[in-house]
Amino acid sequence: MEKNLFQKLPKVDILMKSEKLEEISKKMSYHNYYQAVKDGIEFFRNKIKNREITDFTEDEVISKIKEISGIKSRPNLRRVINGTGTIIHTNLGRSILNEKITEDLGEILLNYSNLEYDLETGSRGSRYSHIEKLICDITGAEGALIVNNNAAAVILCLNEFANGKNTIVSRGELVEIGGSFRIPEIMKLAGTTLKEVGTTNKTHVFDYEDNIDEETAVLLKVHTSNFKIIGFTEEADKKDIAELGKKYEILTMEDLGSGVLVDFSKYGLPKEPTIQESIKSGIDIVTVSGDKLLGGPQCGIILGKKPLIERLKKNQYLRAFRVNKITISILENIFQYYKDEREAIKEIPILNMIIEEKGKVLERAEKLSAILKERNIENSIIETESKIGGGSMPEETVASYAICFTGDAVLLEKRFRGNDIPVIGRIKNDHFILDAKTLREKDFEEITGAAERIFL
């Protein structure tokens with residue numbers, strides 16, 4: 001019996017020419033198609049070896065090959081649906097972009113561009129010239145430079161201005177960001193020596209001043225955007241640090257982190273320090289992230305006095321940290337929106353979600369709930385809280401609504417996550433929920449299809 005089943009297995013070269021697999025063969029590379037056919041046959045060979053089947057058909061083998069080919073054709077980095085309610089979700093790619101930006105980006109990717117070509121002179125140009133003036137107009141800075149993330153921005157600045165010398169930082173601001181990257185280690189890599197002052201919960205301006213000596217090169221302030229110390233606390237004001245730097249002719253720098261250009265307090269949300277406020281304070285150099293509250297691509301933006309920015313452009317680290325045409329194209333579009341705050345809130349998805357009225361989230365939840373119920377999928381709507389997230393506004397939440405499903409929460413979470421387009425939700429009070437704050441109506445069809453496959 002077993003021998004007959006082995007003999008029944010179709011040959012690889014025969015199956016590869018099968019009309020039933022013709023459509024798949026055209027979509028896949030030869031290597032991946034060959035491997036899918038081979039793996040499909042091997043699947044049944046193992047089943048026979050382990051005596052798990054007593055018979056099979058060629059159509060069953062072909063069906064398995066199609067299943068395997070679907071997996072092999074799927075990229076590792078792919079779209080997911082964010083139903084977690086965390087708006088700036090580090091693990092899910094942080095900021096998302098609108099369709100117009102992706103259309104403009106397509107033009108840049110599909111064609112040659114003037115990335116480092118001056119169209120007026122016909123000679124070599126600078127990649128930073130495309131966006132530096134625009135960024136300065138929006139932020140009020142004299143100069144601007146873009147690198148691949150905020151950690152790189154901090155390293156570049158400290159290496160240029162404090163290499164071989166001391167940098168003074170408050171003990172309460174020695175943060176650790178995602179992936180175990182710590183300010184002290186970043187400083188060491190930049191070639192500067194950390195000199196921590198003050199205490200964990202309180203640091204005064206005199207703590208900085210009392211520790212200034214001939215080896216002091218930078219007074220660094222770090223915005224603790226991924227945690228908050230509450231209670232008996234105090235920190236030195238950035239204006240006072242800027243004045244102290246001028247008094248002793250020492251460079252002052254702020255790692256602002258989250259990159260806010262909108263005063264959220266105007267919209268009923270907690271106040272978060274803005275880039276414009278840091279620039280106006282007189283701090284010499286300010287660094288921020290591009291993909292947090294700014295709503296753009298992953299990058300680090302360095303803002304500050306023009307002569308200092310020009311020095312940074314000559315630093316050898318910049319070659320390793322420089323950004324590509326994709327980042328520059330996206331960032332230019334993002335800053336164009338910031339010319340009008342109303343336009344920015346409307347067109348930058350992250351800002352739109354943060355400021356969105358609670359009633360609109362409820363409308364979205366009700367629409368999805370009704371669609372699911374039409375398909376006989378039991379669900380309910382619950383009130384919940386969504387996180388802003390992304391190392392930006394610690395512990396800050398916004399009111400939201402979520403679709404709550406009945407059943408084994410752990411199993412449901414796994415099955416929704418295993419969908420072709422993974423649907424990522426969260427478990428709350430032993431129920432699996434999809435938070436409507438981060439869902440978009442274009443996601444509804446896929447969510448409904450996933451739910452039907454899971455429940456029906």
# chains A, B, ... in the order shown; residues from 1 in each chain; ligands from 1
$ residues_around --residues "region 209-212 of chain A" --least-positions-apart "2" --cutoff "12 Å" --atoms "only C-alpha atoms" --output "JSON, numbers by chain"
{"A": [165, 166, 167, 168, 169, 170, 194, 195, 196, 197, 198, 203, 204, 205, 206, 207, 214, 215, 216, 217, 218, 219, 236, 240, 241, 242, 243, 244, 245, 246, 247, 248, 249, 250, 251]}
$ write_last_selection --atoms "N, CA and C atoms" --output "compact mmCIF listing (two decimals), in the first residue's frame"
# COMPACT_ATOMS: atom_id res chain seq x y z
N LYS A 165 35.50 65.70 24.91
CA LYS A 165 35.19 66.60 26.03
C LYS A 165 33.94 66.12 26.76
N ASN A 166 33.46 66.92 27.72
CA ASN A 166 32.33 66.51 28.56
C ASN A 166 31.00 67.09 28.07
N THR A 167 29.96 66.31 28.29
CA THR A 167 28.60 66.76 28.05
C THR A 167 27.83 66.62 29.35
N ILE A 168 27.22 67.71 29.79
CA ILE A 168 26.46 67.71 31.04
C ILE A 168 25.00 67.41 30.77
N VAL A 169 24.46 66.42 31.51
CA VAL A 169 23.06 66.02 31.38
C VAL A 169 22.47 65.81 32.77
N SER A 170 21.19 66.13 32.92
CA SER A 170 20.50 65.86 34.18
C SER A 170 20.36 64.35 34.38
N LEU A 194 30.10 61.60 29.57
CA LEU A 194 28.89 62.00 30.28
C LEU A 194 29.25 62.56 31.66
N LYS A 195 28.65 63.69 31.98
CA LYS A 195 28.78 64.25 33.31
C LYS A 195 27.35 64.50 33.80
N GLU A 196 26.83 63.59 34.62
CA GLU A 196 25.44 63.73 35.06
C GLU A 196 25.35 64.63 36.29
N VAL A 197 24.29 65.43 36.33
CA VAL A 197 24.12 66.39 37.43
C VAL A 197 22.71 66.29 37.99
N GLY A 198 22.52 66.86 39.18
CA GLY A 198 21.21 66.85 39.80
C GLY A 198 20.85 65.50 40.36
N THR A 203 16.42 68.59 39.18
CA THR A 203 17.67 69.18 38.69
C THR A 203 17.44 70.66 38.47
N HIS A 204 18.34 71.48 38.99
CA HIS A 204 18.23 72.93 38.88
C HIS A 204 19.31 73.46 37.94
N VAL A 205 19.15 74.70 37.51
CA VAL A 205 20.13 75.31 36.63
C VAL A 205 21.49 75.38 37.32
N PHE A 206 21.49 75.64 38.63
CA PHE A 206 22.78 75.73 39.33
C PHE A 206 23.53 74.39 39.33
N ASP A 207 22.79 73.27 39.17
CA ASP A 207 23.46 71.96 39.06
C ASP A 207 24.34 71.92 37.81
N GLU A 214 36.64 73.57 32.28
CA GLU A 214 37.29 73.77 30.98
C GLU A 214 37.07 72.61 30.01
N GLU A 215 36.63 71.46 30.52
CA GLU A 215 36.38 70.30 29.65
C GLU A 215 34.93 70.22 29.19
N THR A 216 34.10 71.14 29.64
CA THR A 216 32.67 71.11 29.27
C THR A 216 32.48 71.65 27.87
N ALA A 217 31.85 70.86 26.99
CA ALA A 217 31.63 71.28 25.60
C ALA A 217 30.14 71.52 25.30
N VAL A 218 29.25 70.73 25.94
CA VAL A 218 27.83 70.82 25.63
C VAL A 218 27.00 70.70 26.91
N LEU A 219 25.94 71.51 26.98
CA LEU A 219 24.91 71.34 28.00
C LEU A 219 23.73 70.71 27.29
N ALA A 236 15.30 71.89 34.94
CA ALA A 236 15.79 73.19 34.50
C ALA A 236 15.07 73.61 33.22
N ASP A 240 16.62 78.92 30.53
CA ASP A 240 17.70 79.15 31.50
C ASP A 240 18.98 78.43 31.08
N ILE A 241 18.83 77.24 30.52
CA ILE A 241 20.01 76.50 30.04
C ILE A 241 20.64 77.24 28.86
N ALA A 242 19.79 77.77 27.97
CA ALA A 242 20.29 78.54 26.82
C ALA A 242 21.08 79.76 27.28
N GLU A 243 20.56 80.46 28.28
CA GLU A 243 21.25 81.65 28.82
C GLU A 243 22.56 81.27 29.51
N LEU A 244 22.53 80.13 30.19
CA LEU A 244 23.74 79.65 30.86
C LEU A 244 24.82 79.33 29.83
N GLY A 245 24.41 78.71 28.72
CA GLY A 245 25.35 78.41 27.65
C GLY A 245 25.98 79.66 27.07
N LYS A 246 25.16 80.69 26.87
CA LYS A 246 25.69 81.95 26.34
C LYS A 246 26.66 82.60 27.33
N LYS A 247 26.32 82.51 28.61
CA LYS A 247 27.16 83.12 29.65
C LYS A 247 28.57 82.53 29.63
N TYR A 248 28.65 81.20 29.45
CA TYR A 248 29.95 80.53 29.51
C TYR A 248 30.49 80.16 28.12
N GLU A 249 29.76 80.60 27.07
CA GLU A 249 30.14 80.30 25.68
C GLU A 249 30.27 78.80 25.46
N ILE A 250 29.25 78.08 25.94
CA ILE A 250 29.17 76.62 25.78
C ILE A 250 27.94 76.30 24.95
N LEU A 251 28.09 75.39 24.02
CA LEU A 251 26.96 75.01 23.15
C LEU A 251 25.86 74.34 23.96
$ residues_around --residues "Glu343 (chain A)" --least-positions-apart "6" --cutoff "12 Å" --atoms "only C-alpha atoms" --output "list in words"
Val262, Asn333, Ile334, Phe335, Gln336, Tyr337, Pro349, Leu351 and Asn352 of chain A
$ write_last_selection --atoms "N, CA, C and O atoms" --output "short mmCIF file (atom, residue, chain, number, x, y, z; two decimals), in the first residue's frame"
data_model
loop_
_atom_site.label_atom_id
_atom_site.label_comp_id
_atom_site.auth_asym_id
_atom_site.auth_seq_id
_atom_site.Cartn_x
_atom_site.Cartn_y
_atom_site.Cartn_z
N VAL A 262 2.56 70.97 16.49
CA VAL A 262 1.20 71.44 16.79
C VAL A 262 1.02 71.50 18.30
O VAL A 262 1.40 70.57 19.01
N ASN A 333 6.81 66.64 1.50
CA ASN A 333 5.34 66.67 1.48
C ASN A 333 4.76 66.97 2.86
O ASN A 333 3.82 67.75 3.01
N ILE A 334 5.33 66.33 3.89
CA ILE A 334 4.83 66.52 5.25
C ILE A 334 4.96 67.97 5.68
O ILE A 334 4.03 68.58 6.21
N PHE A 335 6.13 68.57 5.45
CA PHE A 335 6.33 69.95 5.87
C PHE A 335 5.52 70.94 5.04
O PHE A 335 5.17 72.02 5.52
N GLN A 336 5.19 70.59 3.81
CA GLN A 336 4.29 71.44 3.02
C GLN A 336 2.93 71.56 3.71
O GLN A 336 2.33 72.63 3.73
N TYR A 337 2.46 70.46 4.29
CA TYR A 337 1.18 70.49 5.01
C TYR A 337 1.24 71.43 6.21
O TYR A 337 0.27 72.10 6.54
N PRO A 349 -2.24 61.60 8.72
CA PRO A 349 -3.09 60.63 9.43
C PRO A 349 -2.88 60.58 10.94
O PRO A 349 -3.85 60.47 11.70
N LEU A 351 -1.87 62.92 13.06
CA LEU A 351 -2.49 64.09 13.70
C LEU A 351 -4.01 63.97 13.67
O LEU A 351 -4.70 64.29 14.65
N ASN A 352 -4.52 63.53 12.54
CA ASN A 352 -5.97 63.39 12.39
C ASN A 352 -6.55 62.43 13.41
O ASN A 352 -7.60 62.69 14.02
#
$ residues_around --residues "region 419-422 of chain A" --least-positions-apart "3" --cutoff "8 Å" --atoms "only C-alpha atoms" --output "count of residues only"
8
$ select_by_dssp --residues "region 364-449 of chain A" --states "alpha helix (DSSP H)" --output "count of residues only"
26
$ residues_around --residues "Ile454 (chain A)" --least-positions-apart "5" --cutoff "12 Å" --atoms "only C-alpha atoms" --output "list in words"
Ile377, Glu378, Phe405, Thr406, Gly407, Asp408, Leu411, Leu412, Glu413, Lys414, Arg415, Phe416, Arg417, Gly418, Asn419, Val423, Ile447, Thr448 and Gly449 of chain A
$ write_last_selection --atoms "C-alpha atoms" --output "compact mmCIF listing (two decimals), in the first residue's frame"
# COMPACT_ATOMS: atom_id res chain seq x y z
CA ILE A 377 -20.85 37.54 13.49
CA GLU A 378 -21.69 38.34 17.09
CA PHE A 405 -15.87 39.72 20.06
CA THR A 406 -17.27 36.77 21.99
CA GLY A 407 -15.05 33.70 22.39
CA ASP A 408 -11.61 32.58 23.50
CA LEU A 411 -7.33 32.03 20.25
CA LEU A 412 -9.16 34.87 18.45
CA GLU A 413 -6.12 37.13 18.72
CA LYS A 414 -3.98 34.41 17.14
CA ARG A 415 -6.46 33.69 14.33
CA PHE A 416 -6.99 37.33 13.38
CA ARG A 417 -3.21 37.79 13.44
CA GLY A 418 -2.88 34.78 11.11
CA ASN A 419 -5.07 36.32 8.42
CA VAL A 423 -5.49 41.97 11.76
CA ILE A 447 -11.67 42.51 8.74
CA THR A 448 -15.09 41.13 7.84
CA GLY A 449 -13.58 38.46 5.60
$ residues_around --residues "Ile301 (chain A)" --least-positions-apart "2" --cutoff "8 Å" --atoms "only C-alpha atoms" --output "JSON, numbers by chain"
{"A": [144, 145, 146, 147, 149, 150, 153, 287, 288, 289, 290, 299, 303]}
$ write_last_selection --atoms "all heavy atoms" --output "tab-separated table (two decimals), in the first residue's frame"
chain	number	residue	atom	x	y	z
A	144	ALA	N	18.94	73.50	8.98
A	144	ALA	CA	18.36	72.17	9.26
A	144	ALA	C	19.15	71.11	8.51
A	144	ALA	O	19.69	71.36	7.42
A	144	ALA	CB	16.89	72.13	8.86
A	145	LEU	N	19.20	69.93	9.11
A	145	LEU	CA	19.89	68.79	8.51
A	145	LEU	C	19.12	67.53	8.85
A	145	LEU	O	18.61	67.39	9.96
A	145	LEU	CB	21.32	68.71	9.06
A	145	LEU	CG	22.25	67.62	8.51
A	145	LEU	CD1	22.46	67.82	7.01
A	145	LEU	CD2	23.59	67.65	9.24
A	146	ILE	N	19.03	66.61	7.88
A	146	ILE	CA	18.27	65.37	8.08
A	146	ILE	C	19.22	64.18	8.10
A	146	ILE	O	20.08	64.03	7.23
A	146	ILE	CB	17.23	65.16	6.95
A	146	ILE	CG1	16.47	66.44	6.66
A	146	ILE	CG2	16.27	64.03	7.30
A	146	ILE	CD1	15.72	67.01	7.82
A	147	VAL	N	19.04	63.32	9.09
A	147	VAL	CA	19.78	62.06	9.16
A	147	VAL	C	18.78	60.93	9.35
A	147	VAL	O	17.57	61.16	9.38
A	147	VAL	CB	20.82	62.07	10.31
A	147	VAL	CG1	21.95	63.03	9.99
A	147	VAL	CG2	20.17	62.44	11.64
A	149	ASN	N	17.83	58.78	11.78
A	149	ASN	CA	16.93	58.74	12.94
A	149	ASN	C	17.46	59.68	14.02
A	149	ASN	O	18.54	60.26	13.88
A	149	ASN	CB	16.71	57.32	13.48
A	149	ASN	CG	17.99	56.66	13.97
A	149	ASN	OD1	18.95	57.31	14.34
A	149	ASN	ND2	17.99	55.33	13.98
A	150	ASN	N	16.70	59.83	15.09
A	150	ASN	CA	17.08	60.81	16.10
A	150	ASN	C	18.34	60.39	16.87
A	150	ASN	O	19.11	61.24	17.31
A	150	ASN	CB	15.92	61.05	17.07
A	150	ASN	CG	16.16	62.26	17.95
A	150	ASN	OD1	16.55	63.31	17.47
A	150	ASN	ND2	15.95	62.11	19.25
A	153	ALA	N	21.09	61.60	14.94
A	153	ALA	CA	21.19	63.05	15.07
A	153	ALA	C	21.97	63.43	16.33
A	153	ALA	O	22.85	64.31	16.30
A	153	ALA	CB	19.79	63.66	15.12
A	287	THR	N	17.24	68.42	18.31
A	287	THR	CA	17.06	67.23	17.47
A	287	THR	C	15.70	66.60	17.75
A	287	THR	O	15.25	66.58	18.90
A	287	THR	CB	18.16	66.18	17.73
A	287	THR	OG1	18.00	65.60	19.02
A	287	THR	CG2	19.55	66.79	17.62
A	288	VAL	N	15.06	66.10	16.69
A	288	VAL	CA	13.73	65.47	16.83
A	288	VAL	C	13.62	64.27	15.90
A	288	VAL	O	14.39	64.12	14.95
A	288	VAL	CB	12.59	66.46	16.51
A	288	VAL	CG1	12.63	67.66	17.44
A	288	VAL	CG2	12.65	66.92	15.05
A	289	SER	N	12.62	63.43	16.17
A	289	SER	CA	12.30	62.30	15.30
A	289	SER	C	11.28	62.73	14.25
A	289	SER	O	10.44	63.58	14.50
A	289	SER	CB	11.72	61.14	16.11
A	289	SER	OG	12.67	60.60	16.99
A	290	GLY	N	11.34	62.09	13.09
A	290	GLY	CA	10.39	62.42	12.03
A	290	GLY	C	9.13	61.58	12.03
A	290	GLY	O	8.11	61.99	11.48
A	299	CYS	N	13.32	59.38	10.50
A	299	CYS	CA	14.50	60.20	10.27
A	299	CYS	C	14.78	61.00	11.53
A	299	CYS	O	13.96	61.04	12.45
A	299	CYS	CB	14.31	61.16	9.08
A	299	CYS	SG	13.03	62.41	9.33
A	303	LEU	N	18.06	70.84	14.02
A	303	LEU	CA	17.71	72.23	13.79
A	303	LEU	C	18.60	73.12	14.64
A	303	LEU	O	18.95	72.76	15.76
A	303	LEU	CB	16.25	72.48	14.17
A	303	LEU	CG	15.21	71.59	13.47
A	303	LEU	CD1	13.98	71.43	14.33
A	303	LEU	CD2	14.87	72.16	12.12
$ decode --residues "region 318-361 of chain A" --atoms "N, CA and C atoms" --output "PDB file, in the first residue's frame"
ATOM      1  N   LEU A 318      28.230  61.926   8.804  1.00  0.00           N
ATOM      2  CA  LEU A 318      27.039  62.227   8.008  1.00  0.00           C
ATOM      3  C   LEU A 318      26.898  61.285   6.822  1.00  0.00           C
ATOM      4  N   ARG A 319      28.023  60.849   6.275  1.00  0.00           N
ATOM      5  CA  ARG A 319      27.968  59.921   5.135  1.00  0.00           C
ATOM      6  C   ARG A 319      27.253  58.631   5.530  1.00  0.00           C
ATOM      7  N   ALA A 320      27.502  58.174   6.758  1.00  0.00           N
ATOM      8  CA  ALA A 320      26.866  56.946   7.232  1.00  0.00           C
ATOM      9  C   ALA A 320      25.416  57.177   7.644  1.00  0.00           C
ATOM     10  N   PHE A 321      25.103  58.392   8.043  1.00  0.00           N
ATOM     11  CA  PHE A 321      23.775  58.692   8.588  1.00  0.00           C
ATOM     12  C   PHE A 321      22.826  59.350   7.588  1.00  0.00           C
ATOM     13  N   ARG A 322      23.301  59.644   6.377  1.00  0.00           N
ATOM     14  CA  ARG A 322      22.483  60.435   5.466  1.00  0.00           C
ATOM     15  C   ARG A 322      21.224  59.690   5.033  1.00  0.00           C
ATOM     16  N   VAL A 323      20.222  60.444   4.637  1.00  0.00           N
ATOM     17  CA  VAL A 323      18.940  59.869   4.228  1.00  0.00           C
ATOM     18  C   VAL A 323      18.877  59.735   2.710  1.00  0.00           C
ATOM     19  N   ASN A 324      17.954  58.900   2.240  1.00  0.00           N
ATOM     20  CA  ASN A 324      17.817  58.675   0.801  1.00  0.00           C
ATOM     21  C   ASN A 324      16.680  59.511   0.212  1.00  0.00           C
ATOM     22  N   LYS A 325      16.455  59.331  -1.087  1.00  0.00           N
ATOM     23  CA  LYS A 325      15.450  60.134  -1.796  1.00  0.00           C
ATOM     24  C   LYS A 325      14.032  59.863  -1.298  1.00  0.00           C
ATOM     25  N   ILE A 326      13.779  58.656  -0.786  1.00  0.00           N
ATOM     26  CA  ILE A 326      12.444  58.325  -0.276  1.00  0.00           C
ATOM     27  C   ILE A 326      12.115  59.199   0.923  1.00  0.00           C
ATOM     28  N   THR A 327      13.026  59.265   1.874  1.00  0.00           N
ATOM     29  CA  THR A 327      12.819  60.070   3.078  1.00  0.00           C
ATOM     30  C   THR A 327      12.651  61.545   2.732  1.00  0.00           C
ATOM     31  N   ILE A 328      13.505  62.045   1.846  1.00  0.00           N
ATOM     32  CA  ILE A 328      13.453  63.460   1.471  1.00  0.00           C
ATOM     33  C   ILE A 328      12.127  63.798   0.799  1.00  0.00           C
ATOM     34  N   SER A 329      11.676  62.934  -0.097  1.00  0.00           N
ATOM     35  CA  SER A 329      10.414  63.172  -0.801  1.00  0.00           C
ATOM     36  C   SER A 329       9.233  63.218   0.169  1.00  0.00           C
ATOM     37  N   ILE A 330       9.179  62.234   1.074  1.00  0.00           N
ATOM     38  CA  ILE A 330       8.072  62.185   2.042  1.00  0.00           C
ATOM     39  C   ILE A 330       8.123  63.393   2.969  1.00  0.00           C
ATOM     40  N   LEU A 331       9.305  63.709   3.456  1.00  0.00           N
ATOM     41  CA  LEU A 331       9.446  64.797   4.414  1.00  0.00           C
ATOM     42  C   LEU A 331       9.063  66.138   3.795  1.00  0.00           C
ATOM     43  N   GLU A 332       9.396  66.331   2.526  1.00  0.00           N
ATOM     44  CA  GLU A 332       9.007  67.579   1.865  1.00  0.00           C
ATOM     45  C   GLU A 332       7.489  67.719   1.827  1.00  0.00           C
ATOM     46  N   ASN A 333       6.805  66.641   1.503  1.00  0.00           N
ATOM     47  CA  ASN A 333       5.337  66.670   1.485  1.00  0.00           C
ATOM     48  C   ASN A 333       4.764  66.967   2.863  1.00  0.00           C
ATOM     49  N   ILE A 334       5.326  66.326   3.888  1.00  0.00           N
ATOM     50  CA  ILE A 334       4.832  66.518   5.251  1.00  0.00           C
ATOM     51  C   ILE A 334       4.964  67.974   5.679  1.00  0.00           C
ATOM     52  N   PHE A 335       6.127  68.565   5.449  1.00  0.00           N
ATOM     53  CA  PHE A 335       6.334  69.953   5.869  1.00  0.00           C
ATOM     54  C   PHE A 335       5.515  70.936   5.037  1.00  0.00           C
ATOM     55  N   GLN A 336       5.187  70.588   3.808  1.00  0.00           N
ATOM     56  CA  GLN A 336       4.294  71.439   3.016  1.00  0.00           C
ATOM     57  C   GLN A 336       2.930  71.560   3.710  1.00  0.00           C
ATOM     58  N   TYR A 337       2.465  70.457   4.292  1.00  0.00           N
ATOM     59  CA  TYR A 337       1.182  70.490   5.007  1.00  0.00           C
ATOM     60  C   TYR A 337       1.243  71.430   6.212  1.00  0.00           C
ATOM     61  N   TYR A 338       2.403  71.483   6.853  1.00  0.00           N
ATOM     62  CA  TYR A 338       2.528  72.283   8.071  1.00  0.00           C
ATOM     63  C   TYR A 338       2.520  73.786   7.806  1.00  0.00           C
ATOM     64  N   LYS A 339       2.497  74.199   6.541  1.00  0.00           N
ATOM     65  CA  LYS A 339       2.348  75.627   6.234  1.00  0.00           C
ATOM     66  C   LYS A 339       1.008  76.140   6.740  1.00  0.00           C
ATOM     67  N   ASP A 340       0.026  75.239   6.812  1.00  0.00           N
ATOM     68  CA  ASP A 340      -1.308  75.567   7.333  1.00  0.00           C
ATOM     69  C   ASP A 340      -1.684  74.461   8.312  1.00  0.00           C
ATOM     70  N   GLU A 341      -1.796  74.796   9.588  1.00  0.00           N
ATOM     71  CA  GLU A 341      -2.060  73.783  10.609  1.00  0.00           C
ATOM     72  C   GLU A 341      -3.341  73.001  10.335  1.00  0.00           C
ATOM     73  N   ARG A 342      -4.342  73.688   9.794  1.00  0.00           N
ATOM     74  CA  ARG A 342      -5.605  72.998   9.480  1.00  0.00           C
ATOM     75  C   ARG A 342      -5.386  71.926   8.422  1.00  0.00           C
ATOM     76  N   GLU A 343      -4.541  72.238   7.458  1.00  0.00           N
ATOM     77  CA  GLU A 343      -4.214  71.279   6.405  1.00  0.00           C
ATOM     78  C   GLU A 343      -3.434  70.101   6.977  1.00  0.00           C
ATOM     79  N   ALA A 344      -2.512  70.397   7.891  1.00  0.00           N
ATOM     80  CA  ALA A 344      -1.706  69.336   8.510  1.00  0.00           C
ATOM     81  C   ALA A 344      -2.588  68.364   9.269  1.00  0.00           C
ATOM     82  N   ILE A 345      -3.525  68.889  10.045  1.00  0.00           N
ATOM     83  CA  ILE A 345      -4.410  68.029  10.841  1.00  0.00           C
ATOM     84  C   ILE A 345      -5.313  67.185   9.941  1.00  0.00           C
ATOM     85  N   LYS A 346      -5.681  67.748   8.825  1.00  0.00           N
ATOM     86  CA  LYS A 346      -6.566  67.036   7.884  1.00  0.00           C
ATOM     87  C   LYS A 346      -5.820  65.956   7.100  1.00  0.00           C
ATOM     88  N   GLU A 347      -4.585  66.258   6.671  1.00  0.00           N
ATOM     89  CA  GLU A 347      -3.880  65.398   5.729  1.00  0.00           C
ATOM     90  C   GLU A 347      -2.846  64.453   6.346  1.00  0.00           C
ATOM     91  N   ILE A 348      -2.394  64.738   7.561  1.00  0.00           N
ATOM     92  CA  ILE A 348      -1.419  63.856   8.199  1.00  0.00           C
ATOM     93  C   ILE A 348      -2.171  62.884   9.098  1.00  0.00           C
ATOM     94  N   PRO A 349      -2.237  61.601   8.723  1.00  0.00           N
ATOM     95  CA  PRO A 349      -3.089  60.630   9.432  1.00  0.00           C
ATOM     96  C   PRO A 349      -2.883  60.576  10.938  1.00  0.00           C
ATOM     97  N   ILE A 350      -1.638  60.644  11.394  1.00  0.00           N
ATOM     98  CA  ILE A 350      -1.357  60.557  12.828  1.00  0.00           C
ATOM     99  C   ILE A 350      -2.019  61.703  13.581  1.00  0.00           C
ATOM    100  N   LEU A 351      -1.871  62.922  13.061  1.00  0.00           N
ATOM    101  CA  LEU A 351      -2.494  64.087  13.701  1.00  0.00           C
ATOM    102  C   LEU A 351      -4.007  63.973  13.666  1.00  0.00           C
ATOM    103  N   ASN A 352      -4.524  63.525  12.542  1.00  0.00           N
ATOM    104  CA  ASN A 352      -5.968  63.386  12.385  1.00  0.00           C
ATOM    105  C   ASN A 352      -6.553  62.431  13.414  1.00  0.00           C
ATOM    106  N   MET A 353      -5.871  61.309  13.640  1.00  0.00           N
ATOM    107  CA  MET A 353      -6.353  60.323  14.607  1.00  0.00           C
ATOM    108  C   MET A 353      -6.273  60.835  16.037  1.00  0.00           C
ATOM    109  N   ILE A 354      -5.203  61.567  16.346  1.00  0.00           N
ATOM    110  CA  ILE A 354      -5.026  62.070  17.705  1.00  0.00           C
ATOM    111  C   ILE A 354      -6.113  63.086  18.052  1.00  0.00           C
ATOM    112  N   ILE A 355      -6.414  63.976  17.116  1.00  0.00           N
ATOM    113  CA  ILE A 355      -7.329  65.084  17.382  1.00  0.00           C
ATOM    114  C   ILE A 355      -8.786  64.733  17.059  1.00  0.00           C
ATOM    115  N   GLU A 356      -9.013  63.648  16.346  1.00  0.00           N
ATOM    116  CA  GLU A 356     -10.353  63.248  15.920  1.00  0.00           C
ATOM    117  C   GLU A 356     -11.364  63.219  17.068  1.00  0.00           C
ATOM    118  N   GLU A 357     -12.556  63.715  16.778  1.00  0.00           N
ATOM    119  CA  GLU A 357     -13.625  63.729  17.781  1.00  0.00           C
ATOM    120  C   GLU A 357     -14.087  62.310  18.098  1.00  0.00           C
ATOM    121  N   LYS A 358     -14.462  62.113  19.354  1.00  0.00           N
ATOM    122  CA  LYS A 358     -14.894  60.805  19.831  1.00  0.00           C
ATOM    123  C   LYS A 358     -16.095  60.289  19.036  1.00  0.00           C
ATOM    124  N   GLY A 359     -16.989  61.205  18.663  1.00  0.00           N
ATOM    125  CA  GLY A 359     -18.189  60.810  17.930  1.00  0.00           C
ATOM    126  C   GLY A 359     -17.895  60.172  16.588  1.00  0.00           C
ATOM    127  N   LYS A 360     -16.844  60.629  15.925  1.00  0.00           N
ATOM    128  CA  LYS A 360     -16.492  60.052  14.627  1.00  0.00           C
ATOM    129  C   LYS A 360     -15.961  58.633  14.779  1.00  0.00           C
ATOM    130  N   VAL A 361     -15.258  58.391  15.879  1.00  0.00           N
ATOM    131  CA  VAL A 361     -14.764  57.040  16.147  1.00  0.00           C
ATOM    132  C   VAL A 361     -15.944  56.105  16.389  1.00  0.00           C
TER     133      VAL A 361
END
